[in-house]
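Visitor: Let me give you the structure first, and then I'll get to my questions.
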Amino acid sequence: MSYSENVLSALKARYPYQPEFLQAAEEILKTLQPALDKNPVYEKNKILERLTEPERTFSFRVEWVDDKGQIQVNHGYRVQFNSAIGPYKGGLRFHPSVNEGILKFLGLEQILKNSLTGTPIGGAKGGADFDPKGKSDNEVMRFCQAFMIQLYRYIGATVDVPAGDIGVGGREIGYLYGAYKRLTTRYEGILTGKGLTYGGSLARTEATGYGLVYFTDAMLKDRGDSLKGKICSVSGAGNVATYCCEKLYQMGATPVTVSDSRGFIYDPNGIKVDVLEQVKQQERAPLSRYAELVPTAKFTPVSAYPAGRHPVWDVKVDAAFPCATQNELNEEDAKALLKNGCKCVAEGANMPSTIGAINEFLKAGIAYGPAKAANAGGVATSQLEMEQNAGMTAWTFEEVDGKLHNIMTNLYNNAAATAREFKLDGNLVLGANIAGFRKVAEAMIAQGVI
Ligand code: NDP
Ligand code: 2IT
């Protein structure tokens, strides 16, 4: 067995109850072997064993009182995965499915993603099995305050800087920030994705979706193609999906689908971003409401999905942008996309494609932008927010957006060049994994066994 296979099999034996973490580890470790063969110093330093084990994980009880006066208990976590190249950085997810294994998959991805941005940030992820759906603003506030009572001692502007992810948007970041300030009396950039009135950065809200489209633009240009005139499917209906749709229009493409946990919308005339924002951000309503407001839109509920399928990927499109959640695009879905002539898939969500689906895309040779490269614009702009906070300044939208555009173009070029170096032109899975890995591994070796 090769070094990477050995490490993977040890992880499988140790964490059989963390399937998402094992899936992320498998995707990464399998592609690193050529770099490990080329440079034996990584194996000698046991880098893979060290990279796949978090530096530390906090897990804590979060207790709060709901609007009926009932005591509620949730489970909170922060996985501080790797600090070789900078302070821990990564989002917080509030969703009933959250557990340590899911946060470890996200944290492992985050290490390499953050490295790829070219900025000095380490990898982390956190969250809780709290479901913001159906909760009042006051309940969300009390939960966030209770969560921060536990978390505040472990974070800091040069220690660990959390941000948003599924279920954690501007509202939650505001309550978390207020709680931190109350507990510590410190006004510091300890979270990113903050509101513009209290230290947030312009363009951070849009950054993941915009960055995804900038990345795709660079990837298609390299193939002598462009987004202009392309019909696109987008999944998800939250932060990433919304600003992906907005930027697609700006690039001359048309998004025709969005989805949420209840179903998906198809409208051949194109998704109306203002209505999407009204329904999902302001009303916090399910997507069926969108179809009430837009007569040309067709809503298909999850109850009508064929078993084991996500029919949002059956729509005939030129390019697909999964922006909802992990494993929302499986091998059968990938085959359906390819059969309909889809030539480009770029991932806004983290690990949206199963390993079977990724293999289909690579086999077909289409333009495939894996998550840790394609969705890195969010965290990259978080780092720009940290820079502004550290300098006690604020840049214009154009300045931040311009830097984001540069970061995504450089990131694409770096991943593509690394794939070419290993004679696998166009394989951005390998290119991104190896490029992200090498910087972290070199930093770990330089800093010794600690
Ligand atoms: P939001 O909470 O804003 O939106 C999430 C969307 O995905 C919602 O439409 C939600 O539906 C849907 N969704 C969530 N879980 C499921 C599920 N189990 N099944 C079906 N649909 C689901 O989150 P974001 O837009 O911020 O995050 C989306 C993805 O992008 C995640 O994978 C996240 O990790 C990734 N990401 C986010 C970044 C960011 O900056 N926010 C940066 C990089 C990656 P519903 O409304 O019904 O809950
Ligand atoms: O998955 C991700 O990169 C994020 N949720 C954003 C993390 C961040 O720190 O901005």
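Please note that chains go A, B, ... in the order of the structure tokens, that every chain numbers its residues from 1, and that ligands are numbered from 1 in the order shown.
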Could you give me the residues within segment 251-311 of chain A that DSSP places in helix (DSSP H, G or I), as a short mmCIF file (atom, residue, chain, number, x, y, z; two decimals) with all heavy atoms, in the first residue's frame?

Guide:
data_model
loop_
_atom_site.label_atom_id
_atom_site.label_comp_id
_atom_site.auth_asym_id
_atom_site.auth_seq_id
_atom_site.Cartn_x
_atom_site.Cartn_y
_atom_site.Cartn_z
N VAL A 273 -33.45 37.41 -9.01
CA VAL A 273 -32.64 37.48 -7.79
C VAL A 273 -33.33 38.31 -6.70
O VAL A 273 -33.28 37.94 -5.52
CB VAL A 273 -31.24 38.04 -8.11
CG1 VAL A 273 -30.41 38.19 -6.85
CG2 VAL A 273 -30.50 37.13 -9.10
N ASP A 274 -34.03 39.38 -7.10
CA ASP A 274 -34.69 40.20 -6.07
C ASP A 274 -35.81 39.43 -5.38
O ASP A 274 -36.00 39.53 -4.16
CB ASP A 274 -35.20 41.54 -6.67
CG ASP A 274 -36.10 41.33 -7.88
OD1 ASP A 274 -36.06 40.24 -8.49
OD2 ASP A 274 -36.87 42.25 -8.21
N VAL A 275 -36.55 38.62 -6.14
CA VAL A 275 -37.63 37.82 -5.53
C VAL A 275 -37.02 36.74 -4.63
O VAL A 275 -37.49 36.47 -3.52
CB VAL A 275 -38.54 37.18 -6.62
CG1 VAL A 275 -39.63 36.34 -5.96
CG2 VAL A 275 -39.12 38.24 -7.53
N LEU A 276 -35.92 36.13 -5.10
CA LEU A 276 -35.24 35.11 -4.29
C LEU A 276 -34.80 35.69 -2.95
O LEU A 276 -35.01 35.08 -1.89
CB LEU A 276 -34.03 34.58 -5.08
CG LEU A 276 -33.24 33.46 -4.43
CD1 LEU A 276 -34.07 32.19 -4.32
CD2 LEU A 276 -31.96 33.16 -5.24
N GLU A 277 -34.22 36.87 -3.00
CA GLU A 277 -33.77 37.53 -1.77
C GLU A 277 -34.94 37.84 -0.84
O GLU A 277 -34.87 37.63 0.37
CB GLU A 277 -33.05 38.85 -2.10
CG GLU A 277 -31.59 38.62 -2.39
CD GLU A 277 -30.85 39.92 -2.67
OE1 GLU A 277 -31.44 40.83 -3.29
OE2 GLU A 277 -29.67 39.99 -2.29
N GLN A 278 -36.03 38.31 -1.44
CA GLN A 278 -37.22 38.63 -0.63
C GLN A 278 -37.73 37.38 0.08
O GLN A 278 -37.99 37.38 1.28
CB GLN A 278 -38.31 39.22 -1.54
CG GLN A 278 -39.59 39.56 -0.80
CD GLN A 278 -40.76 39.75 -1.74
OE1 GLN A 278 -40.62 40.30 -2.84
NE2 GLN A 278 -41.94 39.29 -1.32
N VAL A 279 -37.84 36.27 -0.69
CA VAL A 279 -38.43 35.05 -0.14
C VAL A 279 -37.50 34.42 0.91
O VAL A 279 -37.95 34.06 2.01
CB VAL A 279 -38.71 34.03 -1.28
CG1 VAL A 279 -39.07 32.66 -0.72
CG2 VAL A 279 -39.81 34.56 -2.19
N LYS A 280 -36.20 34.28 0.58
CA LYS A 280 -35.31 33.50 1.46
C LYS A 280 -34.66 34.36 2.56
O LYS A 280 -34.51 33.88 3.68
CB LYS A 280 -34.23 32.78 0.65
CG LYS A 280 -34.75 31.74 -0.33
CD LYS A 280 -35.56 30.62 0.30
CE LYS A 280 -34.82 29.73 1.26
NZ LYS A 280 -35.66 28.56 1.69
N GLN A 281 -34.26 35.60 2.23
CA GLN A 281 -33.56 36.41 3.25
C GLN A 281 -34.55 37.18 4.13
O GLN A 281 -34.37 37.22 5.34
CB GLN A 281 -32.58 37.41 2.62
CG GLN A 281 -31.66 36.87 1.54
CD GLN A 281 -30.73 35.80 2.06
OE1 GLN A 281 -30.25 35.86 3.17
NE2 GLN A 281 -30.50 34.76 1.25
N GLN A 282 -35.55 37.80 3.48
CA GLN A 282 -36.44 38.64 4.29
C GLN A 282 -37.59 37.84 4.90
O GLN A 282 -37.77 37.85 6.11
CB GLN A 282 -36.98 39.80 3.43
CG GLN A 282 -35.89 40.84 3.16
CD GLN A 282 -36.13 41.59 1.86
OE1 GLN A 282 -37.27 41.96 1.55
NE2 GLN A 282 -35.09 41.83 1.09
N SER A 288 -41.42 27.32 -2.32
CA SER A 288 -42.75 27.24 -2.94
C SER A 288 -43.35 28.66 -3.01
O SER A 288 -44.11 28.97 -3.93
CB SER A 288 -43.66 26.31 -2.13
OG SER A 288 -43.56 26.62 -0.76
N ARG A 289 -42.98 29.49 -2.08
CA ARG A 289 -43.44 30.90 -2.06
C ARG A 289 -42.95 31.64 -3.31
O ARG A 289 -43.64 32.50 -3.85
CB ARG A 289 -42.91 31.56 -0.78
CG ARG A 289 -43.02 33.04 -0.72
CD ARG A 289 -44.36 33.48 -0.15
NE ARG A 289 -44.42 34.92 -0.05
CZ ARG A 289 -45.36 35.67 -0.60
NH1 ARG A 289 -46.34 35.10 -1.28
NH2 ARG A 289 -45.35 36.98 -0.47
N TYR A 290 -41.74 31.32 -3.77
CA TYR A 290 -41.20 31.97 -4.97
C TYR A 290 -42.14 31.72 -6.16
O TYR A 290 -42.44 32.62 -6.95
CB TYR A 290 -39.79 31.42 -5.26
CG TYR A 290 -39.11 32.01 -6.48
CD1 TYR A 290 -38.14 33.00 -6.35
CD2 TYR A 290 -39.43 31.56 -7.77
CE1 TYR A 290 -37.50 33.53 -7.46
CE2 TYR A 290 -38.80 32.09 -8.89
CZ TYR A 290 -37.85 33.07 -8.73
OH TYR A 290 -37.23 33.61 -9.84
N ALA A 291 -42.63 30.45 -6.26
CA ALA A 291 -43.51 30.10 -7.38
C ALA A 291 -44.85 30.83 -7.29
O ALA A 291 -45.50 31.09 -8.31
CB ALA A 291 -43.72 28.59 -7.42
N GLU A 292 -45.26 31.20 -6.07
CA GLU A 292 -46.49 32.00 -5.94
C GLU A 292 -46.28 33.40 -6.50
O GLU A 292 -47.20 34.00 -7.05
CB GLU A 292 -46.87 32.15 -4.45
CG GLU A 292 -47.42 30.89 -3.81
CD GLU A 292 -47.51 31.04 -2.28
OE1 GLU A 292 -47.54 32.19 -1.76
OE2 GLU A 292 -47.53 29.99 -1.63
N LEU A 293 -45.04 33.91 -6.38
CA LEU A 293 -44.76 35.28 -6.79
C LEU A 293 -44.37 35.40 -8.26
O LEU A 293 -44.50 36.46 -8.86
CB LEU A 293 -43.64 35.87 -5.91
CG LEU A 293 -43.95 35.98 -4.42
CD1 LEU A 293 -42.70 36.37 -3.64
CD2 LEU A 293 -45.06 37.03 -4.19
N VAL A 302 -39.69 18.10 -2.82
CA VAL A 302 -38.80 16.96 -2.57
C VAL A 302 -39.59 15.64 -2.61
O VAL A 302 -39.07 14.62 -3.07
CB VAL A 302 -38.08 17.14 -1.21
CG1 VAL A 302 -37.38 15.87 -0.78
CG2 VAL A 302 -37.06 18.28 -1.29
N SER A 303 -40.85 15.69 -2.17
CA SER A 303 -41.67 14.46 -2.15
C SER A 303 -41.85 13.87 -3.55
O SER A 303 -42.15 12.70 -3.70
CB SER A 303 -43.03 14.74 -1.51
OG SER A 303 -43.68 15.77 -2.22
N ALA A 304 -41.65 14.70 -4.60
CA ALA A 304 -41.81 14.20 -5.98
C ALA A 304 -40.47 13.77 -6.59
O ALA A 304 -40.42 13.37 -7.76
CB ALA A 304 -42.44 15.29 -6.85
N PRO A 311 -33.52 15.94 -9.03
CA PRO A 311 -33.91 16.29 -10.41
C PRO A 311 -33.54 17.70 -10.85
O PRO A 311 -33.67 18.00 -12.04
CB PRO A 311 -35.42 16.07 -10.42
CG PRO A 311 -35.83 16.05 -9.00
CD PRO A 311 -34.66 15.59 -8.19
#

Visitor: I'd like the contact shell of Met444 of chain A - 12 Å cut-off, only C-alpha atoms, skipping same-chain residues fewer than 3 positions apart - returned as a list in words.

Guide: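 Close residues of Met444 of chain A: Val41, Tyr42, Asn45, Lys46, Ile47, Leu48, Arg50, Leu51, Asn82, Ser83, Ala84, Ile85, Gly86, Gly122, Phe437, Arg438, Lys439, Val440, Ala441, Gln447, Gly448, Val449 and Ile450 of chain A.
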
Visitor: Name the residues, by chain letter and number, that sit within 8 Å of ligand 1 using only C-alpha atoms and all ligand atoms, and give them as a PDB file with C-alpha atoms, in the first residue's frame.

Guide:
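Printed below is out-v3.pdb as written:
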ATOM      1  CA  GLY A  91     -17.194  29.255   9.322  1.00  0.00           C
ATOM      2  CA  ARG A  93     -22.711  26.021  10.707  1.00  0.00           C
ATOM      3  CA  HIS A  95     -28.044  22.970  11.188  1.00  0.00           C
ATOM      4  CA  SER A  97     -27.347  17.592  11.019  1.00  0.00           C
ATOM      5  CA  LEU A 106     -15.398  20.930   6.537  1.00  0.00           C
ATOM      6  CA  LYS A 133     -35.731  27.533  11.051  1.00  0.00           C
ATOM      7  CA  ALA A 163     -17.529  33.362  10.181  1.00  0.00           C
ATOM      8  CA  GLY A 164     -20.805  32.178   8.647  1.00  0.00           C
ATOM      9  CA  ASP A 165     -21.833  29.002   6.856  1.00  0.00           C
ATOM     10  CA  ILE A 166     -25.193  27.215   6.505  1.00  0.00           C
ATOM     11  CA  GLY A 167     -27.663  28.752   8.961  1.00  0.00           C
ATOM     12  CA  VAL A 168     -25.246  31.482  10.055  1.00  0.00           C
ATOM     13  CA  GLY A 169     -25.708  34.757   8.160  1.00  0.00           C
ATOM     14  CA  ARG A 204     -18.050  39.912   1.924  1.00  0.00           C
ATOM     15  CA  THR A 205     -21.773  39.069   1.608  1.00  0.00           C
ATOM     16  CA  ALA A 207     -17.942  37.121  -2.102  1.00  0.00           C
ATOM     17  CA  THR A 208     -18.502  33.362  -2.246  1.00  0.00           C
ATOM     18  CA  SER A 235     -28.814  24.630  -6.454  1.00  0.00           C
ATOM     19  CA  GLY A 236     -29.356  26.141  -3.010  1.00  0.00           C
ATOM     20  CA  ALA A 237     -31.186  29.370  -2.310  1.00  0.00           C
ATOM     21  CA  GLY A 238     -29.024  30.907   0.402  1.00  0.00           C
ATOM     22  CA  ASN A 239     -26.039  33.230   0.477  1.00  0.00           C
ATOM     23  CA  VAL A 240     -23.848  31.396  -2.040  1.00  0.00           C
ATOM     24  CA  ALA A 241     -26.610  30.542  -4.542  1.00  0.00           C
ATOM     25  CA  THR A 242     -28.084  34.061  -4.526  1.00  0.00           C
ATOM     26  CA  SER A 259     -33.351  24.783  -4.729  1.00  0.00           C
ATOM     27  CA  ASP A 260     -33.792  24.505  -0.985  1.00  0.00           C
ATOM     28  CA  SER A 261     -34.441  21.691   1.475  1.00  0.00           C
ATOM     29  CA  ARG A 262     -38.101  21.481   0.383  1.00  0.00           C
ATOM     30  CA  GLY A 263     -37.759  21.377  -3.426  1.00  0.00           C
ATOM     31  CA  LYS A 280     -35.315  33.504   1.462  1.00  0.00           C
ATOM     32  CA  ARG A 284     -37.341  33.274   5.472  1.00  0.00           C
ATOM     33  CA  ALA A 285     -40.010  31.287   3.586  1.00  0.00           C
ATOM     34  CA  PRO A 286     -39.723  28.016   1.618  1.00  0.00           C
ATOM     35  CA  LEU A 287     -39.130  28.221  -2.154  1.00  0.00           C
ATOM     36  CA  CYS A 323     -24.446  25.734  -3.967  1.00  0.00           C
ATOM     37  CA  ALA A 324     -26.559  24.004  -1.272  1.00  0.00           C
ATOM     38  CA  THR A 325     -24.825  21.293   0.747  1.00  0.00           C
ATOM     39  CA  GLN A 326     -22.655  18.156   0.785  1.00  0.00           C
ATOM     40  CA  GLU A 328     -26.323  16.896  -3.254  1.00  0.00           C
ATOM     41  CA  GLY A 348     -20.130  26.724  -4.496  1.00  0.00           C
ATOM     42  CA  ALA A 349     -21.085  24.322  -1.692  1.00  0.00           C
ATOM     43  CA  ASN A 350     -18.523  22.262   0.214  1.00  0.00           C
ATOM     44  CA  MET A 351     -18.209  18.678  -1.121  1.00  0.00           C
ATOM     45  CA  PRO A 352     -21.521  18.820  -3.050  1.00  0.00           C
ATOM     46  CA  ALA A 371     -15.199  23.241  -4.035  1.00  0.00           C
ATOM     47  CA  ASN A 375     -15.719  28.550  -3.400  1.00  0.00           C
ATOM     48  CA  ALA A 376     -12.584  29.999  -1.762  1.00  0.00           C
ATOM     49  CA  GLY A 377     -13.709  33.574  -2.508  1.00  0.00           C
ATOM     50  CA  GLY A 378     -15.762  33.730   0.695  1.00  0.00           C
ATOM     51  CA  VAL A 379     -12.950  32.957   3.060  1.00  0.00           C
TER      52      VAL A 379
END

Visitor: Using only C-alpha atoms and all ligand atoms, which of A:Thr192, A:Ser226, A:Ser201, A:Gln150 sits nearest ligand 2?

Guide: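 Of A:Thr192, A:Ser226, A:Ser201, A:Gln150, the one nearest ligand 2 is A:Thr192, counting only C-alpha atoms and all ligand atoms.
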
Visitor: From a DSSP pass on the backbone, collect the residues of segment 290-386 of chain A flagged as strand (DSSP E) and hand them back as a VMD selection string.

Guide: chain A and resid 298 to 301 319 to 321 344 to 346 367 to 369

Visitor: Please produce a file of those selected residues containing all heavy atoms, as a compact mmCIF listing (two decimals), in the first residue's frame.

Guide:
# COMPACT_ATOMS: atom_id res chain seq x y z
N LYS A 298 -41.72 26.99 -12.02
CA LYS A 298 -42.35 25.72 -11.62
C LYS A 298 -41.62 25.19 -10.39
O LYS A 298 -40.39 25.09 -10.38
CB LYS A 298 -42.22 24.73 -12.78
CG LYS A 298 -42.81 23.36 -12.48
CD LYS A 298 -42.80 22.48 -13.73
CE LYS A 298 -43.38 21.11 -13.44
NZ LYS A 298 -42.49 20.22 -12.76
N PHE A 299 -42.39 24.86 -9.34
CA PHE A 299 -41.80 24.32 -8.11
C PHE A 299 -42.03 22.82 -8.05
O PHE A 299 -43.15 22.35 -8.21
CB PHE A 299 -42.45 24.98 -6.89
CG PHE A 299 -41.95 24.43 -5.58
CD1 PHE A 299 -40.66 24.72 -5.13
CD2 PHE A 299 -42.76 23.60 -4.80
CE1 PHE A 299 -40.20 24.20 -3.91
CE2 PHE A 299 -42.30 23.09 -3.58
CZ PHE A 299 -41.02 23.38 -3.14
N THR A 300 -40.96 22.05 -7.87
CA THR A 300 -41.09 20.59 -7.68
C THR A 300 -40.70 20.27 -6.24
O THR A 300 -39.56 20.51 -5.83
CB THR A 300 -40.13 19.84 -8.64
OG1 THR A 300 -40.39 20.28 -9.96
CG2 THR A 300 -40.32 18.33 -8.53
N PRO A 301 -41.65 19.71 -5.45
CA PRO A 301 -41.31 19.42 -4.04
C PRO A 301 -40.44 18.18 -3.90
O PRO A 301 -40.46 17.30 -4.79
CB PRO A 301 -42.69 19.18 -3.40
CG PRO A 301 -43.55 18.73 -4.52
CD PRO A 301 -43.04 19.37 -5.78
N ALA A 319 -23.97 24.73 -17.93
CA ALA A 319 -23.09 24.77 -16.77
C ALA A 319 -23.91 24.60 -15.50
O ALA A 319 -25.06 25.05 -15.44
CB ALA A 319 -22.33 26.11 -16.72
N ALA A 320 -23.32 23.94 -14.49
CA ALA A 320 -24.05 23.67 -13.24
C ALA A 320 -23.24 24.16 -12.04
O ALA A 320 -22.02 24.00 -12.01
CB ALA A 320 -24.32 22.17 -13.11
N PHE A 321 -23.96 24.74 -11.07
CA PHE A 321 -23.32 25.34 -9.89
C PHE A 321 -23.99 24.82 -8.61
O PHE A 321 -24.92 25.46 -8.10
CB PHE A 321 -23.42 26.87 -9.96
CG PHE A 321 -22.70 27.46 -11.14
CD1 PHE A 321 -23.32 27.56 -12.37
CD2 PHE A 321 -21.38 27.90 -11.02
CE1 PHE A 321 -22.65 28.10 -13.47
CE2 PHE A 321 -20.71 28.44 -12.11
CZ PHE A 321 -21.34 28.54 -13.34
N CYS A 344 -19.64 22.16 -17.93
CA CYS A 344 -18.93 22.87 -16.85
C CYS A 344 -19.68 22.68 -15.53
O CYS A 344 -20.89 22.85 -15.46
CB CYS A 344 -18.90 24.36 -17.22
SG CYS A 344 -18.31 25.43 -15.90
N VAL A 345 -18.94 22.28 -14.50
CA VAL A 345 -19.51 22.19 -13.15
C VAL A 345 -18.56 22.91 -12.20
O VAL A 345 -17.36 22.60 -12.17
CB VAL A 345 -19.69 20.72 -12.69
CG1 VAL A 345 -20.17 20.66 -11.24
CG2 VAL A 345 -20.66 19.97 -13.61
N ALA A 346 -19.07 23.86 -11.43
CA ALA A 346 -18.22 24.57 -10.46
C ALA A 346 -18.96 24.61 -9.13
O ALA A 346 -20.15 24.96 -9.07
CB ALA A 346 -17.91 25.98 -10.96
N ALA A 367 -15.00 20.99 -17.86
CA ALA A 367 -14.41 21.96 -16.92
C ALA A 367 -15.03 21.72 -15.56
O ALA A 367 -16.23 21.94 -15.37
CB ALA A 367 -14.71 23.38 -17.41
N TYR A 368 -14.23 21.22 -14.63
CA TYR A 368 -14.76 20.90 -13.30
C TYR A 368 -13.96 21.64 -12.23
O TYR A 368 -12.76 21.38 -12.06
CB TYR A 368 -14.73 19.37 -13.07
CG TYR A 368 -15.03 18.99 -11.63
CD1 TYR A 368 -16.25 19.32 -11.05
CD2 TYR A 368 -14.09 18.33 -10.85
CE1 TYR A 368 -16.53 19.00 -9.73
CE2 TYR A 368 -14.35 18.00 -9.52
CZ TYR A 368 -15.58 18.35 -8.97
OH TYR A 368 -15.84 18.05 -7.66
N GLY A 369 -14.62 22.55 -11.53
CA GLY A 369 -13.97 23.35 -10.47
C GLY A 369 -14.36 22.83 -9.11
O GLY A 369 -15.50 23.03 -8.67

Visitor: Name the closest residue to Tyr154 of chain A among the candidates A:Gln23, A:Thr57, A:Thr216, A:Gln72; distances are taken between atoms, counting only C-alpha atoms.

Guide: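 Using only C-alpha atoms, Tyr154 of chain A sits closest to A:Thr57.
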
Visitor: With only C-alpha atoms as the basis for distance, which of A:Ala364, A:Val317, A:Leu430, A:Ala374 is at the shortest distance from Leu411 of chain A?

Guide: A:Ala374

Visitor: For Val294 of chain A, which residue out of A:Asn6, A:Thr396, A:Asn269, A:Asn427 is the nearest one, using only C-alpha atoms?

Guide: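 Under the stated criterion, the closest residue is A:Asn269.
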
Visitor: Determine, counting only C-alpha atoms, which protein, DNA and RNA residues have an atom within 10 Å of an atom of Ile407 of chain A; residues of the same chain fewer than 2 positions away are not included. Present the result as a PyMOL selection string.

Guide: chain A and resi 116-119+211+214-215+376-377+380-381+401-405+409-413

Visitor: Just give me the gap between atom CA of Thr184 of chain A and atom CA of Tyr152 of chain A in Å, one decimal is fine.

Guide: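 One can read the atom CA of Thr184 of chain A to atom CA of Tyr152 of chain A distance as 8.1 Å.
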
Visitor: Name the closest residue to ligand 2 among the candidates A:Cys245, A:Ala24, A:Leu384, A:Met408; distances are taken between atoms, counting only C-alpha atoms and all ligand atoms.

Guide: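 Comparing A:Cys245, A:Ala24, A:Leu384, A:Met408 against ligand 2, the winner is A:Leu384.
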